[in-house]
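Here is the structure we will look at.
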Amino acid sequence: MELFDVYSRQHIEFARAEGLKLWDTKGKEYLDFYGGHAVISIGHTNPLQVAAITKQLNSIAYYSNSVRISQQEELAKKLGTIAECDDYKLFLCNSGAEANENALKLASFHNGRTKIISFFKSFHGRTSLAVSVTDNPKIVAPINRNANVQFVELNNLDEFEAAIDESVCAVIIEGVQGVGGINIPTPEFMQGVSAVCKKYGALLIVDEVQSGYGRTGKFFAHQHANISPDLITIAKGMGNGFPVAGVLIAPHIVPQMEMLGSTFGGNQLACTAAISVLDVIEQDNLISNAAMVGDYISNAVRSIDGVKEVRSLGLMIGIELHDNCSNVKSELLNRYGILTGSSSNKNTIRILPPLTISNVEAEFFVAAFSSTMDNNQ
Ligand SMILES: Cc1ncc(COP(=O)(O)O)c(C=O)c1O
């Protein structure tokens, strides 16, 4: 059997990784400024996580949600404390799309409504409901086209207010748009959206799948705006590569038993992986590191010739050039072994390194980027 081709792939196979570094099967070294779509939060093969997962694997890896799983309780408690949302409830699942799917379902169960407002350039995943609120017609199958979904412009409060009324079930918005090319909702816009949702009884779902877990210099990106969403979705950095995701549910939303469920969600191994991520984030002060190193990189690249605009919050950095960025990305990879991300904006490079990034690694990137830009003018 052959593989179904999903992505166009680089001709690289990684054999080993540690921190920001990776080595391919030929021994060539790389530096990960992408984290495999913002997944690697505490660095590859983090020793604390490897030890915790290994220990758990040797005790029990999996049993279903038909029994008590104390690791789930420990994870919920730690997450509530570190993310400053103690009073939320945690539903555990396996991927970002699944988290958004369940958040949208919960919203509709809660207020009985069906209309959803989403934003242009958004990405929320590829499952049925998640893809219907994603602004990319290429990945929306005819069966997923949903007349209940309306897209509006990010950071345009007037347009948003004109679109919403009492028939709207929920509004779904990324803490920072990632796949769309790092587009940041202003704090004023987030506050406005939150207030208008309350006025009309629509639930606010903030998708923190890419922007959460400390990446933007706060645990959640929406905390820069000081708002409290009704539902928050998490995945990617939550497991540092281990598939685990969740929905944080505000106290006034009371799901009934058996509305949601998952066979694999919240298993012992996944929870252990997720607990170790929180332990490392806390012990190593990774949220302030993300803010500090992120600011350094953004400020340093902003003044480089050929850079049109830098949009950034912590370690979610979009570097927009005047034209297609693919040559610059290729040179960074081939000459310096630096992995970067693309986005749906062809001119924008996405920089999403692990939050463990050091000053030396950040300086290496800036120097390599600067010299690559010199060669590409
Ligand atoms: C903001 C956001 N939401 C949801 C998803 C979907 O996550 P997953 O691929 O784990 O289903 C992604 C993936 O890129 C994302 O960036």
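Residue numbering restarts at 1 for every chain of the structure tokens, chains are lettered A, B, ... in their displayed order, and ligands are numbered from 1 as they appear.
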
Residue contacts of range 323-334 of chain A (12 Å, only C-alpha atoms) excluding same-chain residues fewer than 4 positions away, as a short mmCIF file (atom, residue, chain, number, x, y, z; two decimals) with N, CA and C atoms, in the first residue's frame:
data_model
loop_
_atom_site.label_atom_id
_atom_site.label_comp_id
_atom_site.auth_asym_id
_atom_site.auth_seq_id
_atom_site.Cartn_x
_atom_site.Cartn_y
_atom_site.Cartn_z
N GLN A 10 9.17 18.26 2.40
CA GLN A 10 10.61 18.46 2.19
C GLN A 10 11.24 17.06 2.11
N HIS A 11 12.37 16.96 1.37
CA HIS A 11 13.05 15.66 1.32
C HIS A 11 13.99 15.52 2.51
N ILE A 12 13.43 15.56 3.69
CA ILE A 12 14.25 15.43 4.90
C ILE A 12 13.58 14.40 5.78
N LYS A 28 22.97 15.72 9.24
CA LYS A 28 22.94 17.19 9.12
C LYS A 28 22.09 17.78 10.25
N GLU A 29 22.61 18.91 10.80
CA GLU A 29 21.92 19.54 11.94
C GLU A 29 20.97 20.65 11.47
N TYR A 30 19.84 20.76 12.14
CA TYR A 30 18.84 21.79 11.83
C TYR A 30 18.45 22.53 13.11
N LEU A 31 17.90 23.73 12.95
CA LEU A 31 17.33 24.47 14.09
C LEU A 31 15.86 24.71 13.83
N ASP A 32 15.05 24.38 14.81
CA ASP A 32 13.60 24.38 14.62
C ASP A 32 12.99 25.73 15.00
N PHE A 33 12.75 26.57 14.00
CA PHE A 33 12.05 27.85 14.24
C PHE A 33 10.59 27.74 13.83
N TYR A 34 10.07 26.52 13.78
CA TYR A 34 8.69 26.30 13.38
C TYR A 34 7.94 25.41 14.37
N GLY A 181 -1.34 33.85 8.63
CA GLY A 181 -0.14 34.69 8.46
C GLY A 181 0.15 35.59 9.65
N GLY A 306 14.10 44.93 3.03
CA GLY A 306 13.28 43.93 2.33
C GLY A 306 12.13 43.41 3.19
N VAL A 307 12.14 43.76 4.49
CA VAL A 307 11.04 43.34 5.36
C VAL A 307 9.95 44.41 5.28
N LYS A 308 8.75 44.00 4.89
CA LYS A 308 7.66 44.97 4.73
C LYS A 308 7.00 45.24 6.08
N GLU A 309 6.74 44.15 6.82
CA GLU A 309 6.03 44.31 8.09
C GLU A 309 6.31 43.10 8.98
N GLY A 318 5.18 36.82 12.49
CA GLY A 318 4.97 36.78 11.05
C GLY A 318 5.85 37.84 10.41
N ILE A 319 6.77 37.39 9.54
CA ILE A 319 7.64 38.35 8.85
C ILE A 319 7.14 38.46 7.41
N ILE A 338 17.86 26.16 8.98
CA ILE A 338 16.79 26.76 9.80
C ILE A 338 15.42 26.43 9.20
N LEU A 339 14.58 25.78 10.02
CA LEU A 339 13.22 25.44 9.59
C LEU A 339 12.28 26.58 9.95
N THR A 340 11.52 27.05 8.96
CA THR A 340 10.52 28.10 9.22
C THR A 340 9.18 27.64 8.64
N GLY A 341 8.13 28.38 8.94
CA GLY A 341 6.81 28.00 8.45
C GLY A 341 6.31 28.96 7.39
N SER A 342 5.41 28.45 6.55
CA SER A 342 4.76 29.35 5.59
C SER A 342 3.37 29.69 6.14
N SER A 343 2.56 30.35 5.35
CA SER A 343 1.21 30.67 5.79
C SER A 343 0.34 30.85 4.57
N SER A 344 -0.93 31.14 4.74
CA SER A 344 -1.77 31.32 3.55
C SER A 344 -1.45 32.66 2.88
N ASN A 345 -0.72 33.53 3.56
CA ASN A 345 -0.20 34.74 2.94
C ASN A 345 1.20 34.41 2.38
N LYS A 346 1.28 34.30 1.05
CA LYS A 346 2.50 33.76 0.41
C LYS A 346 3.76 34.58 0.71
N ASN A 347 3.59 35.83 1.15
CA ASN A 347 4.75 36.68 1.43
C ASN A 347 5.21 36.59 2.89
N THR A 348 4.45 35.87 3.70
CA THR A 348 4.74 35.89 5.15
C THR A 348 5.36 34.59 5.66
N ILE A 349 6.51 34.74 6.34
CA ILE A 349 7.19 33.60 6.98
C ILE A 349 6.67 33.53 8.41
N ARG A 350 6.33 32.30 8.85
CA ARG A 350 5.88 32.13 10.24
C ARG A 350 7.01 31.59 11.10
N ILE A 351 7.28 32.27 12.20
CA ILE A 351 8.33 31.85 13.12
C ILE A 351 7.66 31.45 14.43
N PHE A 364 21.46 33.79 16.33
CA PHE A 364 21.86 33.03 15.14
C PHE A 364 20.81 33.20 14.03
N PHE A 365 19.54 33.12 14.43
CA PHE A 365 18.47 33.28 13.43
C PHE A 365 18.52 34.66 12.80
N VAL A 366 18.65 35.69 13.64
CA VAL A 366 18.62 37.07 13.12
C VAL A 366 19.78 37.28 12.13
N ALA A 367 20.97 36.80 12.49
CA ALA A 367 22.14 36.96 11.60
C ALA A 367 21.90 36.21 10.29
N ALA A 368 21.40 34.98 10.38
CA ALA A 368 21.16 34.16 9.17
C ALA A 368 20.09 34.82 8.30
N PHE A 369 19.04 35.33 8.94
CA PHE A 369 17.94 35.96 8.18
C PHE A 369 18.44 37.21 7.48
N SER A 370 19.25 38.01 8.21
CA SER A 370 19.76 39.25 7.65
C SER A 370 20.63 38.97 6.42
N SER A 371 21.52 37.98 6.54
CA SER A 371 22.40 37.69 5.40
C SER A 371 21.59 37.08 4.24
N THR A 372 20.58 36.28 4.55
CA THR A 372 19.73 35.72 3.50
C THR A 372 18.97 36.83 2.78
N MET A 373 18.50 37.83 3.52
CA MET A 373 17.77 38.94 2.89
C MET A 373 18.71 39.72 1.99
N ASP A 374 19.99 39.91 2.42
CA ASP A 374 20.98 40.59 1.58
C ASP A 374 21.11 39.90 0.23
N ASN A 375 21.14 38.56 0.27
CA ASN A 375 21.32 37.78 -0.97
C ASN A 375 20.09 37.78 -1.85
N ASN A 376 18.94 38.15 -1.29
CA ASN A 376 17.68 38.03 -2.04
C ASN A 376 17.09 39.38 -2.43
N GLN A 377 17.90 40.44 -2.39
CA GLN A 377 17.38 41.77 -2.78
C GLN A 377 17.46 41.94 -4.29
#

Write as a list in words the residues around ligand 1, taking 7 Å as the cut-off and counting only C-alpha atoms and all ligand atoms. His37, Ser95, Gly96, Ala97, Glu98, Asn100, Phe123, His124, Gly125, Arg126, Glu174, Gln177, Gly178, Val179, Asp207, Glu208, Val209, Gln210, Ala235 and Lys236 of chain A

Which of range 8-197 of chain A counts as alpha helix (DSSP H) under DSSP, as a ChimeraX atom specification please? /A:35-38,47-59,70-82,96-111,128-132,157-163,187-197

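Residues surrounding Arg16 in chain A within 9 Å are Leu22, Trp23, Asp24, Thr25, His44 and Thr45 of chain A [only C-alpha atoms; sequence separation below 6 positions excluded].
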
Find the residues around range 79-87 of chain A up to 7 Å (only C-alpha atoms counted), leave out those fewer than 3 positions away in its own chain, and share them as a VMD selection string. chain A and resid 75 to 76 219 250 to 251

Based on the selection just made, write C-alpha atoms of those residues as a PDB file, in the first residue's frame.
ATOM      1  CA  LEU A  75      -3.915  18.088  34.741  1.00  0.00           C
ATOM      2  CA  ALA A  76      -7.133  20.101  35.193  1.00  0.00           C
ATOM      3  CA  PHE A 219      -0.640  31.726  28.899  1.00  0.00           C
ATOM      4  CA  ALA A 250     -16.753  28.533  31.676  1.00  0.00           C
ATOM      5  CA  PRO A 251     -18.799  27.781  34.814  1.00  0.00           C
TER       6      PRO A 251
END
